[in-house]
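Below is run_23.tsv, which holds TSV, C-alpha atoms and all ligand atoms.
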chain	number	residue	atom	x	y	z
B	138	MET	CA	50.39	-19.99	-43.13
B	139	GLY	CA	47.49	-21.01	-40.93
B	140	ASP	CA	44.16	-19.48	-40.26
B	141	VAL	CA	43.75	-16.89	-37.59
B	142	VAL	CA	40.60	-17.43	-35.59
B	143	THR	CA	39.43	-14.74	-33.24
B	144	MET	CA	36.94	-15.43	-30.53
B	145	ARG	CA	35.50	-13.13	-27.93
B	146	GLU	CA	34.11	-14.26	-24.70
B	147	GLU	CA	33.40	-12.97	-21.26
B	148	GLU	CA	34.05	-15.57	-18.68
B	149	THR	CA	34.71	-15.08	-15.04
B	150	ALA	CA	36.36	-17.67	-12.91
B	151	GLY	CA	35.66	-17.90	-9.21
B	152	GLY	CA	36.76	-19.83	-6.18
B	153	ARG	CA	39.49	-19.90	-3.64
B	154	GLY	CA	42.96	-20.83	-4.72
B	155	PRO	CA	46.31	-21.45	-3.16
B	156	ALA	CA	48.00	-18.62	-1.41
B	157	SER	CA	50.61	-17.90	-4.02
B	158	TRP	CA	51.77	-18.71	-7.49
B	159	GLY	CA	54.76	-20.90	-6.82
B	160	GLY	CA	56.76	-19.63	-9.77
B	161	VAL	CA	57.70	-16.35	-8.18
B	162	PRO	CA	58.96	-16.29	-4.61
B	163	PRO	CA	58.03	-13.26	-2.49
B	164	ARG	CA	60.59	-10.54	-2.90
B	165	THR	CA	62.36	-9.43	0.20
B	166	VAL	CA	63.65	-5.92	0.38
B	167	GLY	CA	65.98	-5.44	3.30
B	168	ALA	CA	65.41	-1.71	3.75
B	169	ARG	CA	61.65	-2.04	4.16
B	170	THR	CA	60.26	-1.46	7.59
B	171	THR	CA	58.17	-4.15	9.19
B	172	ASN	CA	55.03	-2.02	8.85
B	173	GLU	CA	55.54	-1.67	5.13
B	174	GLU	CA	56.08	-5.39	4.78
B	175	VAL	CA	52.91	-6.12	6.71
B	176	ARG	CA	50.97	-3.64	4.60
B	177	GLN	CA	52.30	-5.23	1.39
B	178	GLN	CA	51.32	-8.70	2.61
B	179	ASN	CA	47.83	-7.48	3.53
B	180	LEU	CA	47.35	-5.75	0.16
B	181	SER	CA	48.48	-8.95	-1.49
B	182	ALA	CA	46.03	-11.05	0.55
B	183	VAL	CA	43.08	-8.79	-0.37
B	184	LEU	CA	43.98	-8.66	-4.07
B	185	ARG	CA	44.54	-12.42	-4.29
B	186	LEU	CA	41.18	-13.01	-2.65
B	187	VAL	CA	39.20	-10.91	-5.13
B	188	HIS	CA	41.31	-12.19	-8.02
B	189	GLY	CA	40.71	-15.86	-7.21
B	190	SER	CA	37.24	-15.76	-5.65
B	191	GLY	CA	35.39	-12.97	-7.43
B	192	PRO	CA	33.71	-9.88	-5.91
B	193	GLN	CA	33.69	-9.75	-2.11
B	194	SER	CA	32.04	-7.55	0.48
B	195	ARG	CA	34.39	-5.68	2.81
B	196	SER	CA	33.06	-7.63	5.77
B	197	HIS	CA	33.75	-10.95	4.02
B	198	ILE	CA	37.28	-9.78	3.15
B	199	GLY	CA	37.70	-9.03	6.85
B	200	SER	CA	36.49	-12.45	7.95
B	201	VAL	CA	38.63	-14.34	5.41
B	202	THR	CA	41.83	-12.37	6.05
B	203	GLY	CA	41.30	-11.83	9.78
B	204	LEU	CA	41.86	-8.09	9.35
B	205	ASN	CA	39.71	-5.56	11.19
B	206	ARG	CA	37.21	-3.30	9.51
B	207	SER	CA	39.27	-0.11	9.40
B	208	THR	CA	42.34	-1.95	8.08
B	209	VAL	CA	40.27	-3.53	5.28
B	210	THR	CA	38.82	-0.12	4.40
B	211	ALA	CA	42.30	1.43	4.19
B	212	LEU	CA	43.67	-1.44	2.07
B	213	VAL	CA	40.72	-1.34	-0.34
B	214	THR	CA	41.15	2.43	-0.69
B	215	ASP	CA	44.82	1.94	-1.63
B	216	LEU	CA	43.89	-0.75	-4.19
B	217	LEU	CA	41.14	1.47	-5.64
B	218	GLU	CA	43.60	4.36	-6.01
B	219	ALA	CA	46.10	2.08	-7.76
B	220	GLY	CA	43.35	1.00	-10.18
B	221	LEU	CA	43.60	-2.67	-9.21
B	222	VAL	CA	40.08	-3.11	-7.87
B	223	ARG	CA	36.76	-1.46	-8.51
B	224	GLU	CA	33.52	-1.26	-6.61
B	225	ALA	CA	30.52	-3.19	-7.86
B	226	GLU	CA	26.99	-3.31	-6.56
B	227	ALA	CA	26.56	-6.44	-4.48
B	228	ALA	CA	23.68	-8.79	-5.22
B	229	PRO	CA	20.47	-7.55	-3.56
B	230	THR	CA	20.07	-9.06	-0.11
B	231	GLY	CA	16.35	-8.46	0.16
B	232	ARG	CA	16.98	-5.98	2.96
B	233	ARG	CA	15.90	-2.40	2.50
B	234	GLY	CA	18.29	0.51	2.30
B	235	ARG	CA	21.25	1.34	0.13
B	236	PRO	CA	22.90	-1.79	-1.34
B	237	SER	CA	26.46	-2.25	-0.08
B	238	LEU	CA	29.28	-2.11	-2.61
B	239	SER	CA	31.42	-5.18	-3.13
B	240	VAL	CA	35.07	-5.11	-4.15
B	241	ALA	CA	36.06	-6.76	-7.44
B	242	ALA	CA	39.36	-7.18	-9.28
B	243	ASP	CA	39.57	-4.54	-12.02
B	244	ASP	CA	39.63	-6.63	-15.20
B	245	ALA	CA	40.98	-3.68	-17.22
B	246	VAL	CA	44.28	-4.74	-15.64
B	247	ALA	CA	45.25	-7.52	-18.01
B	248	ALA	CA	47.95	-9.97	-19.03
B	249	LEU	CA	48.65	-11.97	-22.18
B	250	GLY	CA	48.47	-15.75	-21.87
B	251	ILE	CA	50.55	-17.30	-24.64
B	252	ARG	CA	50.72	-20.96	-25.54
B	253	VAL	CA	52.99	-22.65	-28.06
B	254	GLU	CA	52.22	-26.16	-29.29
B	255	PRO	CA	53.61	-28.15	-32.23
B	256	ASP	CA	50.55	-27.25	-34.33
B	257	ALA	CA	49.51	-23.81	-33.05
B	258	VAL	CA	50.39	-20.59	-31.29
B	259	SER	CA	47.62	-18.91	-29.30
B	260	VAL	CA	47.35	-15.67	-27.38
B	261	ALA	CA	44.63	-14.75	-24.86
B	262	LEU	CA	43.98	-11.39	-23.27
B	263	VAL	CA	43.05	-12.18	-19.67
B	264	GLY	CA	41.80	-9.70	-17.09
B	265	LEU	CA	42.68	-9.68	-13.40
B	266	GLY	CA	39.99	-11.90	-11.85
B	267	GLY	CA	40.20	-14.51	-14.62
B	268	ALA	CA	37.99	-13.04	-17.37
B	269	VAL	CA	39.20	-14.08	-20.83
B	270	HIS	CA	38.55	-10.91	-22.84
B	271	SER	CA	39.61	-12.28	-26.23
B	272	ARG	CA	41.83	-14.89	-27.78
B	273	VAL	CA	43.46	-15.59	-31.11
B	274	ARG	CA	45.06	-18.71	-32.51
B	275	HIS	CA	47.41	-19.33	-35.40
B	276	ASP	CA	47.39	-22.91	-36.71
B	277	LEU	CA	50.63	-24.38	-38.01
B	278	ALA	CA	51.50	-27.26	-40.30
B	279	SER	CA	54.76	-27.96	-38.44
B	280	PRO	CA	56.34	-26.87	-35.13
B	281	PRO	CA	57.66	-23.28	-35.24
B	282	ASN	CA	61.30	-22.57	-34.47
B	283	PRO	CA	61.82	-20.01	-31.66
B	284	LYS	CA	62.31	-17.10	-34.08
B	285	ARG	CA	59.13	-17.94	-36.01
B	286	PHE	CA	57.25	-18.39	-32.72
B	287	ALA	CA	58.27	-14.87	-31.64
B	288	GLN	CA	57.23	-13.42	-35.03
B	289	ILE	CA	53.83	-15.13	-34.99
B	290	THR	CA	53.19	-14.06	-31.39
B	291	ALA	CA	54.15	-10.45	-32.17
B	292	SER	CA	51.79	-10.34	-35.15
B	293	LEU	CA	48.91	-11.85	-33.12
B	294	VAL	CA	49.51	-9.25	-30.40
B	295	ASP	CA	49.71	-6.47	-32.99
B	296	GLY	CA	46.23	-7.48	-34.13
B	297	MET	CA	44.97	-7.00	-30.55
B	298	ARG	CA	46.95	-3.81	-29.95
B	299	ALA	CA	44.25	-1.23	-30.73
B	300	ASP	CA	41.81	-2.93	-28.36
B	301	ILE	CA	44.50	-3.25	-25.67
B	302	ASP	CA	45.59	0.38	-25.94
B	303	ARG	CA	42.02	1.62	-25.72
B	304	HIS	CA	40.69	-0.51	-22.87
B	305	TYR	CA	43.39	-2.32	-20.93
B	306	ARG	CA	46.55	-1.88	-18.86
B	307	LEU	CA	48.95	-4.76	-19.44
B	308	VAL	CA	51.16	-6.12	-16.66
B	309	GLY	CA	53.07	-8.48	-18.97
B	310	ALA	CA	52.83	-11.85	-20.67
B	311	GLY	CA	53.22	-15.47	-19.63
B	312	VAL	CA	54.07	-18.30	-22.02
B	313	ALA	CA	53.41	-22.02	-21.46
B	314	ILE	CA	55.90	-24.34	-23.15
B	315	PRO	CA	55.81	-28.15	-23.50
B	316	GLY	CA	59.31	-28.68	-22.16
B	317	LEU	CA	61.79	-28.03	-19.37
B	318	VAL	CA	61.94	-24.33	-18.57
B	319	ASP	CA	64.31	-22.89	-15.98
B	320	GLU	CA	63.62	-20.00	-13.59
B	321	SER	CA	65.02	-17.41	-16.01
B	322	GLY	CA	62.49	-18.45	-18.66
B	323	SER	CA	65.01	-20.34	-20.79
B	324	VAL	CA	64.00	-23.62	-22.38
B	325	LEU	CA	66.46	-26.41	-21.66
B	326	ILE	CA	64.70	-28.85	-23.95
B	327	ALA	CA	61.22	-28.98	-25.50
B	328	PRO	CA	61.05	-32.24	-27.54
B	329	PRO	CA	57.58	-31.65	-29.08
B	330	LEU	CA	58.89	-28.38	-30.57
B	331	GLY	CA	62.41	-29.57	-31.29
B	332	TRP	CA	63.82	-26.74	-29.17
B	333	ARG	CA	67.01	-26.96	-27.16
B	334	ARG	CA	68.68	-24.26	-25.02
B	335	GLU	CA	66.56	-21.34	-26.13
B	336	GLN	CA	66.19	-18.06	-24.26
B	337	VAL	CA	62.49	-17.82	-25.01
B	338	ALA	CA	61.44	-15.22	-22.43
B	339	THR	CA	64.21	-12.83	-23.48
B	340	ARG	CA	63.41	-13.29	-27.17
B	341	LEU	CA	59.71	-12.62	-26.61
B	342	GLU	CA	60.42	-9.63	-24.39
B	343	SER	CA	62.19	-7.87	-27.22
B	344	ALA	CA	59.54	-8.92	-29.77
B	345	LEU	CA	56.62	-7.70	-27.62
B	346	GLY	CA	58.14	-4.91	-25.53
B	347	LEU	CA	56.61	-6.53	-22.44
B	348	ARG	CA	57.87	-8.35	-19.36
B	349	VAL	CA	57.59	-12.09	-20.19
B	350	THR	CA	57.55	-15.08	-17.85
B	351	ALA	CA	57.89	-18.59	-19.29
B	352	GLY	CA	57.03	-21.89	-17.65
B	353	ASN	CA	56.39	-25.58	-18.25
B	354	ASP	CA	52.83	-26.11	-19.52
B	355	ALA	CA	51.93	-28.79	-16.95
B	356	SER	CA	53.25	-26.68	-14.07
B	357	VAL	CA	51.26	-23.63	-15.14
B	358	GLY	CA	48.22	-25.84	-15.80
B	359	ALA	CA	48.47	-27.22	-12.27
B	360	MET	CA	48.47	-23.73	-10.75
B	361	ALA	CA	45.56	-22.51	-12.86
B	362	GLU	CA	43.53	-25.64	-12.09
B	363	ALA	CA	44.29	-25.07	-8.39
B	364	ARG	CA	43.21	-21.45	-8.50
B	365	PHE	CA	40.27	-21.56	-10.92
B	366	GLY	CA	39.40	-25.19	-11.70
B	367	VAL	CA	38.56	-28.47	-9.94
B	368	GLY	CA	41.54	-28.08	-7.60
B	369	ARG	CA	40.02	-24.96	-6.09
B	370	GLY	CA	40.22	-25.07	-2.34
B	371	SER	CA	42.93	-27.77	-2.30
B	372	ASP	CA	46.35	-26.69	-1.14
B	373	ASN	CA	47.94	-30.04	-1.99
B	374	LEU	CA	47.32	-31.52	-5.36
B	375	LEU	CA	48.86	-33.52	-8.12
B	376	TYR	CA	48.18	-32.57	-11.74
B	377	LEU	CA	49.02	-34.80	-14.71
B	378	GLY	CA	48.39	-33.79	-18.30
B	379	GLY	CA	48.70	-36.21	-21.22
B	380	SER	CA	49.15	-35.65	-24.96
B	381	PRO	CA	50.70	-37.49	-27.92
B	382	TYR	CA	53.94	-35.70	-26.98
B	383	GLY	CA	54.09	-37.06	-23.47
B	384	ILE	CA	52.91	-36.56	-19.92
B	385	GLY	CA	53.69	-33.50	-17.83
B	386	GLY	CA	53.12	-33.12	-14.13
B	387	GLY	CA	52.74	-30.38	-11.57
B	388	LEU	CA	52.79	-30.80	-7.79
B	389	ILE	CA	51.30	-28.20	-5.49
B	390	PHE	CA	52.18	-28.29	-1.80
B	391	ASP	CA	50.71	-25.87	0.71
B	392	GLY	CA	49.48	-23.78	-2.19
B	393	THR	CA	52.89	-23.48	-3.82
B	394	LEU	CA	54.20	-25.18	-6.92
B	395	LEU	CA	56.99	-27.61	-6.05
B	396	ARG	CA	59.95	-26.53	-8.17
B	397	GLY	CA	62.90	-28.56	-6.98
B	398	THR	CA	66.47	-27.86	-8.06
B	399	SER	CA	66.48	-25.45	-11.03
B	400	GLY	CA	62.68	-25.67	-11.20
B	401	PHE	CA	62.43	-29.08	-12.83
B	402	ALA	CA	60.41	-30.99	-10.20
B	403	GLY	CA	57.22	-32.71	-11.29
B	404	GLU	CA	58.57	-34.50	-14.37
B	405	LEU	CA	56.42	-37.48	-13.43
B	406	GLY	CA	55.99	-38.48	-17.07
B	407	HIS	CA	59.49	-39.94	-16.97
B	408	THR	CA	58.73	-42.26	-14.09
B	409	VAL	CA	59.79	-45.70	-15.33
B	410	ILE	CA	56.89	-48.17	-15.08
B	411	ASP	CA	58.25	-50.93	-17.33
B	412	PRO	CA	62.03	-51.27	-17.72
B	413	ARG	CA	61.50	-53.37	-20.86
B	414	GLY	CA	58.86	-51.05	-22.29
B	415	ALA	CA	58.73	-48.68	-25.24
B	416	ARG	CA	61.59	-46.28	-25.92
B	417	CYS	CA	60.95	-42.75	-24.59
B	418	PRO	CA	62.36	-39.60	-26.26
B	419	CYS	CA	64.34	-39.04	-23.02
B	420	GLY	CA	66.42	-42.13	-23.90
B	421	ARG	CA	65.06	-44.52	-21.25
B	422	ARG	CA	62.64	-47.38	-21.75
B	423	GLY	CA	59.15	-47.72	-20.31
B	424	CYS	CA	58.55	-44.16	-19.06
B	425	LEU	CA	54.93	-43.35	-18.22
B	426	SER	CA	54.96	-40.88	-21.16
B	427	ALA	CA	55.95	-43.62	-23.61
B	428	GLU	CA	53.57	-46.29	-22.30
B	429	VAL	CA	50.44	-44.24	-21.60
B	430	ASN	CA	50.06	-42.49	-24.91
B	431	PRO	CA	47.24	-42.09	-27.43
B	432	GLY	CA	49.54	-43.19	-30.31
B	433	PRO	CA	48.79	-46.95	-30.26
B	434	LEU	CA	45.04	-46.33	-29.84
B	435	LEU	CA	44.94	-43.89	-32.75
B	436	LYS	CA	46.70	-46.48	-34.86
B	437	LEU	CA	44.11	-49.13	-33.91
B	438	LEU	CA	41.31	-46.65	-34.63
B	439	GLY	CA	42.87	-45.91	-38.02
B	440	ARG	CA	43.08	-42.20	-37.22
B	441	ARG	CA	46.05	-39.84	-37.36
B	442	LYS	CA	44.81	-37.24	-34.95
B	443	LEU	CA	41.81	-36.79	-32.64
B	444	ASP	CA	41.16	-34.04	-30.15
B	445	GLU	CA	40.11	-34.75	-26.57
B	446	ASP	CA	36.37	-34.61	-27.26
B	447	GLU	CA	36.59	-36.82	-30.36
B	448	LEU	CA	38.72	-39.36	-28.50
B	449	ASP	CA	36.12	-39.43	-25.69
B	450	ILE	CA	33.48	-40.46	-28.18
B	451	GLU	CA	35.57	-42.91	-30.23
B	452	LEU	CA	36.88	-44.78	-27.17
B	453	GLY	CA	33.50	-44.68	-25.45
B	454	VAL	CA	31.87	-46.66	-28.27
B	455	ALA	CA	34.85	-48.82	-29.34
B	456	ARG	CA	34.08	-52.56	-29.11
B	457	ASP	CA	37.12	-53.89	-31.00
B	458	PRO	CA	38.84	-56.32	-28.56
B	459	ALA	CA	42.29	-55.06	-29.61
B	460	ILE	CA	41.30	-51.50	-28.71
B	461	ARG	CA	39.75	-52.58	-25.39
B	462	ALA	CA	42.90	-54.56	-24.54
B	463	GLU	CA	45.24	-51.65	-25.32
B	464	LEU	CA	43.01	-49.28	-23.37
B	465	GLU	CA	43.02	-51.59	-20.35
B	466	ARG	CA	46.78	-52.08	-20.58
B	467	GLN	CA	47.33	-48.31	-20.51
B	468	VAL	CA	44.78	-47.70	-17.75
B	469	ASP	CA	46.47	-50.37	-15.59
B	470	LEU	CA	49.88	-48.77	-16.11
B	471	LEU	CA	48.49	-45.32	-15.29
B	472	SER	CA	46.86	-46.83	-12.24
B	473	LEU	CA	50.19	-48.28	-11.11
B	474	ALA	CA	51.87	-44.89	-11.49
B	475	LEU	CA	49.05	-43.08	-9.66
B	476	THR	CA	49.28	-45.52	-6.75
B	477	ASN	CA	52.98	-44.69	-6.40
B	478	PHE	CA	52.42	-40.92	-6.71
B	479	VAL	CA	49.58	-40.92	-4.16
B	480	ASN	CA	51.69	-42.87	-1.68
B	481	ALA	CA	54.68	-40.60	-2.23
B	482	PHE	CA	52.96	-37.21	-2.16
B	483	ALA	CA	49.64	-37.72	-0.30
B	484	PRO	CA	47.71	-35.12	-2.30
B	485	GLU	CA	44.12	-34.14	-1.50
B	486	ALA	CA	43.24	-34.41	-5.18
B	487	VAL	CA	44.66	-35.88	-8.37
B	488	ILE	CA	43.68	-33.95	-11.50
B	489	LEU	CA	43.99	-35.59	-14.90
B	490	SER	CA	43.92	-33.49	-18.03
B	491	GLY	CA	44.11	-33.97	-21.81
B	492	TYR	CA	44.48	-37.60	-22.87
B	493	LEU	CA	44.61	-38.73	-19.23
B	494	GLY	CA	41.21	-37.07	-18.70
B	495	VAL	CA	39.92	-39.23	-21.56
B	496	LEU	CA	41.26	-42.37	-19.83
B	497	LEU	CA	39.54	-41.32	-16.61
B	498	ALA	CA	36.24	-40.87	-18.43
B	499	THR	CA	36.45	-44.35	-19.99
B	500	SER	CA	37.77	-46.19	-16.92
B	501	ARG	CA	36.89	-44.29	-13.76
B	502	GLU	CA	36.39	-47.38	-11.59
B	503	ARG	CA	39.68	-49.00	-12.57
B	504	LEU	CA	41.54	-45.77	-11.83
B	505	SER	CA	39.67	-45.04	-8.61
B	506	ASP	CA	41.24	-48.10	-7.02
B	507	ALA	CA	44.65	-46.53	-7.60
B	508	VAL	CA	43.91	-43.57	-5.35
B	509	ARG	CA	42.41	-45.53	-2.48
B	510	ILE	CA	44.82	-45.37	0.41
B	511	ASP	CA	44.79	-48.26	2.85
B	512	PRO	CA	47.38	-47.56	5.50
B	513	VAL	CA	47.93	-50.44	7.88
B	514	GLY	CA	45.41	-50.34	10.73
B	515	ALA	CA	43.54	-47.33	9.39
B	516	GLU	CA	40.31	-46.88	7.51
B	517	GLY	CA	40.74	-46.73	3.74
B	518	ARG	CA	40.55	-43.21	2.40
B	519	GLN	CA	39.91	-41.98	-1.11
B	520	VAL	CA	41.91	-39.18	-2.69
B	521	ARG	CA	39.74	-37.00	-4.92
B	522	LEU	CA	40.28	-38.03	-8.55
B	523	GLU	CA	39.07	-35.43	-11.02
B	524	ARG	CA	39.17	-34.66	-14.68
B	525	ALA	CA	40.60	-31.20	-15.40
B	526	HIS	CA	37.77	-28.74	-15.49
B	527	MET	CA	38.67	-26.03	-17.89
B	528	ARG	CA	40.10	-27.80	-20.93
B	529	SER	CA	41.24	-25.28	-23.51
B	530	ARG	CA	40.18	-22.28	-21.43
B	531	LEU	CA	42.53	-23.36	-18.66
B	532	MET	CA	45.48	-23.18	-20.98
B	533	GLN	CA	44.60	-19.59	-21.81
B	534	LEU	CA	44.25	-18.58	-18.17
B	535	ALA	CA	47.24	-20.52	-16.96
B	536	PRO	CA	50.08	-18.64	-18.68
B	537	ALA	CA	48.46	-15.28	-17.88
B	538	GLU	CA	48.53	-16.26	-14.19
B	539	MET	CA	52.33	-16.33	-14.39
B	540	ALA	CA	52.30	-12.73	-15.57
B	541	PHE	CA	49.96	-11.68	-12.74
B	542	ALA	CA	52.03	-13.40	-10.04
B	543	PRO	CA	54.43	-10.53	-9.18
B	544	LEU	CA	51.55	-8.01	-9.10
B	545	LEU	CA	49.58	-10.25	-6.74
B	546	LEU	CA	52.54	-10.36	-4.35
B	547	ASP	CA	53.36	-6.64	-4.38
B	548	PRO	CA	50.25	-4.87	-5.72
B	549	ILE	CA	50.98	-1.18	-5.25
B	550	ALA	CA	54.62	-1.23	-6.37
B	551	LEU	CA	53.80	-3.16	-9.54
B	552	ALA	CA	50.42	-1.67	-10.48
B	553	PRO	CA	50.48	-0.75	-14.19
B	554	PRO	CA	50.27	3.04	-14.72
B	555	ARG	CA	46.86	4.48	-15.61
K	601	ZN	ZN	61.23	-40.67	-20.51
This entry written out as structure tokens:
Amino acid sequence: MGDVVTMREEETAGGRGPASWGGVPPRTVGARTTNEEVRQQNLSAVLRLVHGSGPQSRSHIGSVTGLNRSTVTALVTDLLEAGLVREAEAAPTGRRGRPSLSVAADDAVAALGIRVEPDAVSVALVGLGGAVHSRVRHDLASPPNPKRFAQITASLVDGMRADIDRHYRLVGAGVAIPGLVDESGSVLIAPPLGWRREQVATRLESALGLRVTAGNDASVGAMAEARFGVGRGSDNLLYLGGSPYGIGGGLIFDGTLLRGTSGFAGELGHTVIDPRGARCPCGRRGCLSAEVNPGPLLKLLGRRKLDEDELDIELGVARDPAIRAELERQVDLLSLALTNFVNAFAPEAVILSGYLGVLLATSRERLSDAVRIDPVGAEGRQVRLERAHMRSRLMQLAPAEMAFAPLLLDPIALAPPR
């Protein structure tokens, strides 16, 4: 049994994000009239704006959405009545007279963001608008099987239940899994956990009594980084997250997560960069995941495990030639892969998280060359190369975003009862 650590924090994320969470396509209901569809889209646009960008004045909502004043007023009234937004006093403008009220997402509307890793299960209670109200974590000595994962999650949620019942209205839960997850929330394979063909969303739904959405951790990380992190404002970005268990990727195009057939696009970690390289758990040799991995560096450092911050420090001061050589070898291979990805997908930004964020911190110049595009006859152009912004907080927000997605697309129909 591991320790349960409870932390409380009030954090609010801001910024503009992509237009929709790619995991859930807009629902089309044939019988709806055009007016109703337009109204639903407008409600969705207003709610997504205040969710992703923080409190807004009505006039700013009008200028961003292109809707006229009376339409904005009517939409905000509907969202207020459904309990999805609230009015807050806007910052003083220095002008005299009554301060105008801004419109904010109501963070009493909340979702659970669940994460399962080989050594921990964590649950965060996240409000609409991105405030992390509280989070709990259960450390594990070995990866949980799916049944144990559901039990641990249920007991963590039980511990939060009194607080939830008193103050919040839950829309559901999202769970981020290090593996291939299909659109129904079933895990095809999750090597770090040793899971294969598991109906995780269904199992959790019955354990929690909530609607549960499951997704690949890198895909959900990409969307959260796009909405709340360094990818804010970019509609086309490439996200790569690295860990001892491999590299996951997420591609966002025109604000939507690229899913591909069955939802498995973005498995960039299994791009082969050295056909004679190290064996990858997928069965091939020389995958990016197998070659660009903290394992060999930890061995050279004589350490079994280091978190991202510790690795930053250890590699920053390491002078051992063997460590420098291995670091350079890995950075050059990552650079090769990034060059290919940038040429293939032309993102505005490349976001590196986890272990890959550590490599960026130690070798920014070497990696920057990889994202310089020099098309024939054109001026060279640099793609933005960033380290993921939110670290552990991102992975709390990210799965909750999956749970908010349907509500953001059809706010009134899916508003949780008051
Ligand atoms: Zn592989």
Task: All residues having an atom within 12 Å of ligand ZN 601 (chain K) (all atoms listed in the file) as a ChimeraX atom specification - done: /B:328,382-385,404-412,414-429
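Distances to Val240 of chain B were evaluated for B:Gln533, B:Ser207, B:Ser200, B:Ser194 using all atoms listed in the file, and the minimum falls at B:Ser194.
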TODO: Considering all atoms listed in the file, state which residue in the set B:Ala248, B:Ala459, B:Leu204, B:Ala486 is at the smallest distance from Gly370 of chain B.
DONE: B:Ala486
Task: Distance query Asn179 of chain B at most 10 Å, all atoms listed in the file, self and fewer than 5 positions along chain excluded, as a PyMOL selection string - done: chain B and resi 173-174+184-185+202+204+208-209+212+546-548
Open item on the list: For a test of reading the model, state the distance in Å between atom CA of Val367 of chain B and atom CA of Ala525 of chain B, rounded to one decimal.
Closed with: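 The value is 6.4 Å.
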- [ ] Could you pull out every residue with an atom within 10 Å of (46.2, -35.2, -11.1), file coordinates, counting all atoms listed in the file, and send them as a VMD selection string?
- [x] chain B and resid 359 362 368 374 to 378 386 to 388 475 478 to 479 484 to 490 493 to 494 521 to 525
Open item on the list: Just to confirm, what's the straight-line distance from atom CA of Phe390 of chain B to atom CA of Ala363 of chain B in Å (one decimal)?
Closed with: 10.8 Å
- [ ] Within 8 Å of Ala361 of chain B, counting all atoms listed in the file, which residues show up once you throw out same-chain ones fewer than 5 positions away? Write them as a ChimeraX atom specification, please.
- [x] /B:366,531,534-535,538
Open item on the list: Just the number, please: distance in Å from atom CA of His304 of chain B to atom CA of Ala540 of chain B, one decimal.
Closed with: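 Separation of atom CA of His304 of chain B and atom CA of Ala540 of chain B: 18.4 Å.
With distances restricted to only C-alpha atoms, B:Ile549 is the closest residue to Asp215 of chain B from B:Met532, B:Asn172, B:Ile549, B:Arg348.
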